[in-house]
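Asks: The structure follows.
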Amino acid sequence: YQRRDMDHNAIRDAGCEALAHYLREDRVLTHLNLGGNDIGSVGIQAIAGVFGTHPKLQTLTLGSEVGDTHLNRIDPIAARLLVEKCRGSKTLKVLDLSRNPIGHGSQEAFPAIQQLILGSSTLQQLKLADTCMNTESALLRSE
């Protein structure tokens with residue numbers, strides 16, 4: 001298997017366009033860690049399309065650890081886009097969005113997350129710690 005741990009590199013939005021090209025070419029990648037890279041909505045828009053069609057990707061980490069210097073900043077709109085693209089994946093087992101503000105100001109990403117959970121035959125682990133999920137969205141997710 002192929003693993004790329006690119007966490008804590010401050011890739012930011014500007015580096016995501018080049019990263020998207022790389023990801024399209026790397027057809028054997030199974031694990032990708034992009035946590036702690038200061039990636040926001042522009043960066044997610046650049047790379048999201050790759051995740052739903054990648055033939056082998058099993059683990060995608062976009063979450064950050066407590067104390068990371070460069071937390072990712074995936075907002076509700078970008079999270080919804082990302083999750084909708086991931087719904088097309090036939091291989092994704094683990095998705096980590098921890099410590100991203102995906103529920104800050106809007107809960108619109110969480111119904112898409114519920115659809116991912118319900119529609120995926122491969123997803124085994126979804127990490128949503130510290131994502132500003134409100135009670136209504138948490139209840140929706142637990143149905």
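Ligands are numbered from 1 in the order shown, chains are lettered A, B, ... in the order of the structure tokens, and residues start at 1 in each chain.
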Residues at most 8 Å from Asp68 of chain A, counting only C-alpha atoms, excluding those fewer than 4 positions away in the same chain, as a PyMOL selection string?
Replies: chain A and resi 8+36+64
Asks: For the selection you just gave me, I'd like the residues written to a file as a short mmCIF file (atom, residue, chain, number, x, y, z; two decimals), in the first residue's frame, keeping all heavy atoms.
Replies:
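What landed in out27.cif:
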```cif
data_model
loop_
_atom_site.label_atom_id
_atom_site.label_comp_id
_atom_site.auth_asym_id
_atom_site.auth_seq_id
_atom_site.Cartn_x
_atom_site.Cartn_y
_atom_site.Cartn_z
N HIS A 8 1.27 18.77 8.66
CA HIS A 8 2.13 19.79 9.27
C HIS A 8 3.15 20.38 8.29
O HIS A 8 4.29 20.62 8.65
CB HIS A 8 2.83 19.25 10.52
CG HIS A 8 1.86 18.69 11.51
ND1 HIS A 8 1.63 17.35 11.63
CD2 HIS A 8 1.03 19.31 12.37
CE1 HIS A 8 0.71 17.15 12.56
NE2 HIS A 8 0.33 18.34 13.01
N GLY A 36 -3.34 19.56 9.58
CA GLY A 36 -2.46 20.63 10.02
C GLY A 36 -1.73 21.35 8.90
O GLY A 36 -0.55 21.64 9.01
N SER A 64 -7.09 17.98 12.27
CA SER A 64 -5.88 18.48 12.90
C SER A 64 -5.83 18.02 14.34
O SER A 64 -6.86 17.68 14.93
CB SER A 64 -5.84 20.01 12.84
OG SER A 64 -5.88 20.45 11.50
#
```
Asks: What residues in segment 6-133 of chain A get the DSSP label strand (DSSP E)? Please answer as number ranges by chain.
Replies: A: 29-33, 59-61, 94-96, 125-127
Asks: Next, dump the selected residues to file, keeping only N, CA, C and O atoms, as a PDB file, in the first residue's frame.
Replies:
```pdb
ATOM      1  N   LEU A  29      -2.173   5.267  -4.273  1.00  0.00           N
ATOM      2  CA  LEU A  29      -2.249   5.856  -2.945  1.00  0.00           C
ATOM      3  C   LEU A  29      -3.426   5.281  -2.161  1.00  0.00           C
ATOM      4  O   LEU A  29      -4.548   5.252  -2.658  1.00  0.00           O
ATOM      5  N   THR A  30      -3.166   4.832  -0.929  1.00  0.00           N
ATOM      6  CA  THR A  30      -4.241   4.295  -0.092  1.00  0.00           C
ATOM      7  C   THR A  30      -4.514   5.154   1.145  1.00  0.00           C
ATOM      8  O   THR A  30      -5.631   5.158   1.646  1.00  0.00           O
ATOM      9  N   HIS A  31      -3.507   5.851   1.654  1.00  0.00           N
ATOM     10  CA  HIS A  31      -3.649   6.680   2.855  1.00  0.00           C
ATOM     11  C   HIS A  31      -3.055   8.056   2.585  1.00  0.00           C
ATOM     12  O   HIS A  31      -1.896   8.156   2.170  1.00  0.00           O
ATOM     13  N   LEU A  32      -3.842   9.100   2.849  1.00  0.00           N
ATOM     14  CA  LEU A  32      -3.369  10.469   2.659  1.00  0.00           C
ATOM     15  C   LEU A  32      -3.681  11.282   3.909  1.00  0.00           C
ATOM     16  O   LEU A  32      -4.830  11.383   4.324  1.00  0.00           O
ATOM     17  N   ASN A  33      -2.634  11.843   4.509  1.00  0.00           N
ATOM     18  CA  ASN A  33      -2.779  12.676   5.699  1.00  0.00           C
ATOM     19  C   ASN A  33      -2.394  14.104   5.341  1.00  0.00           C
ATOM     20  O   ASN A  33      -1.234  14.399   5.067  1.00  0.00           O
ATOM     21  N   THR A  59      -8.001   5.972   3.348  1.00  0.00           N
ATOM     22  CA  THR A  59      -7.965   6.845   4.518  1.00  0.00           C
ATOM     23  C   THR A  59      -7.628   8.262   4.077  1.00  0.00           C
ATOM     24  O   THR A  59      -6.606   8.480   3.418  1.00  0.00           O
ATOM     25  N   LEU A  60      -8.488   9.199   4.457  1.00  0.00           N
ATOM     26  CA  LEU A  60      -8.263  10.608   4.164  1.00  0.00           C
ATOM     27  C   LEU A  60      -8.333  11.386   5.469  1.00  0.00           C
ATOM     28  O   LEU A  60      -9.369  11.420   6.127  1.00  0.00           O
ATOM     29  N   THR A  61      -7.211  11.982   5.857  1.00  0.00           N
ATOM     30  CA  THR A  61      -7.144  12.767   7.083  1.00  0.00           C
ATOM     31  C   THR A  61      -6.993  14.234   6.733  1.00  0.00           C
ATOM     32  O   THR A  61      -5.991  14.641   6.162  1.00  0.00           O
ATOM     33  N   VAL A  94     -11.908   5.508   6.039  1.00  0.00           N
ATOM     34  CA  VAL A  94     -11.713   6.427   7.156  1.00  0.00           C
ATOM     35  C   VAL A  94     -11.678   7.856   6.631  1.00  0.00           C
ATOM     36  O   VAL A  94     -10.914   8.162   5.714  1.00  0.00           O
ATOM     37  N   LEU A  95     -12.503   8.712   7.230  1.00  0.00           N
ATOM     38  CA  LEU A  95     -12.512  10.141   6.905  1.00  0.00           C
ATOM     39  C   LEU A  95     -12.407  10.911   8.209  1.00  0.00           C
ATOM     40  O   LEU A  95     -13.251  10.768   9.093  1.00  0.00           O
ATOM     41  N   ASP A  96     -11.366  11.727   8.322  1.00  0.00           N
ATOM     42  CA  ASP A  96     -11.127  12.518   9.529  1.00  0.00           C
ATOM     43  C   ASP A  96     -11.247  14.000   9.193  1.00  0.00           C
ATOM     44  O   ASP A  96     -10.441  14.536   8.436  1.00  0.00           O
ATOM     45  N   GLN A 125     -15.026   4.480   9.603  1.00  0.00           N
ATOM     46  CA  GLN A 125     -14.713   5.428  10.677  1.00  0.00           C
ATOM     47  C   GLN A 125     -14.836   6.851  10.150  1.00  0.00           C
ATOM     48  O   GLN A 125     -14.272   7.187   9.112  1.00  0.00           O
ATOM     49  N   LEU A 126     -15.564   7.669  10.892  1.00  0.00           N
ATOM     50  CA  LEU A 126     -15.755   9.079  10.570  1.00  0.00           C
ATOM     51  C   LEU A 126     -15.436   9.882  11.818  1.00  0.00           C
ATOM     52  O   LEU A 126     -16.089   9.707  12.843  1.00  0.00           O
ATOM     53  N   LYS A 127     -14.438  10.746  11.732  1.00  0.00           N
ATOM     54  CA  LYS A 127     -14.012  11.530  12.886  1.00  0.00           C
ATOM     55  C   LYS A 127     -14.484  12.975  12.718  1.00  0.00           C
ATOM     56  O   LYS A 127     -14.097  13.644  11.762  1.00  0.00           O
TER      57      LYS A 127
END
```
Asks: Can you list, as a PyMOL selection string, every protein, DNA or RNA residue that comes within 12 Å of Ser89 of chain A when you count only C-alpha atoms, leaving out same-chain residues fewer than 3 positions away?
Replies: chain A and resi 48-60+82-86+92-95+116+119-123
Asks: Based on the backbone DSSP call, show me all residues of chain A assigned alpha helix (DSSP H), as JSON, numbers by chain.
Replies: {"A": [12, 13, 14, 15, 16, 17, 18, 19, 20, 21, 22, 23, 24, 25, 41, 42, 43, 44, 45, 46, 47, 48, 49, 50, 51, 52, 53, 76, 77, 78, 79, 80, 81, 82, 83, 84, 85, 86, 109, 110, 111, 112, 113, 114, 115, 116, 117, 118, 119, 135, 136, 137, 138, 139, 140, 141, 142]}
Asks: Identify, on the basis of only C-alpha atoms, every residue whose closest approach to segment 129-135 of chain A does not exceed 8 Å; exclude the query and any residue fewer than 2 positions from it along the same chain; express the result as a ChimeraX atom specification.
Replies: /A:97-104,107,110,127,137-139
Asks: Considering only C-alpha atoms, can you say which of A:Leu34, A:Val28, A:Ala18, A:Ile117 comes closest to His70 of chain A?
Replies: A:Leu34
Asks: For each of A:Asn9, A:Gln124, A:Thr91, A:Ser106, take the minimum atom-to-atom distance to Asn37 of chain A, counting only C-alpha atoms, then give the residue where this is smallest.
Replies: A:Asn9
Asks: Tell me which of A:Ile113, A:Met6, A:Glu25, A:Lys90 sits closest to Leu128 of chain A, counting only C-alpha atoms.
Replies: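 Smallest separation from Leu128 of chain A among the options: A:Ile113.
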Asks: What's around Cys16 of chain A at 8 Å? Count only C-alpha atoms, leave out sequence neighbours fewer than 3 positions away in its own chain, and write the answer as a PyMOL selection string.
Replies: chain A and resi 11-13+19-20+39+43-44+46-47
Asks: State, in Å with one decimal place, the distance from atom CA of Gln45 of chain A to atom CA of Asp7 of chain A.
Replies: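 Taking atom CA of Gln45 of chain A and atom CA of Asp7 of chain A, their separation equals 18.6 Å.
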Asks: Please measure the separation of atom CA of Gly88 of chain A and atom CA of Glu136 of chain A, giving the value in Å to one decimal.
Replies: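 Spanning atom CA of Gly88 of chain A to atom CA of Glu136 of chain A is a straight-line distance of 25.9 Å.
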Asks: Pick out the closest residue to Asp75 of chain A from this set: A:Gly15, A:Pro111, A:Gly105, A:Gly35. Count only C-alpha atoms.
Replies: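 Counting only C-alpha atoms, the residue closest to Asp75 of chain A is A:Gly105.
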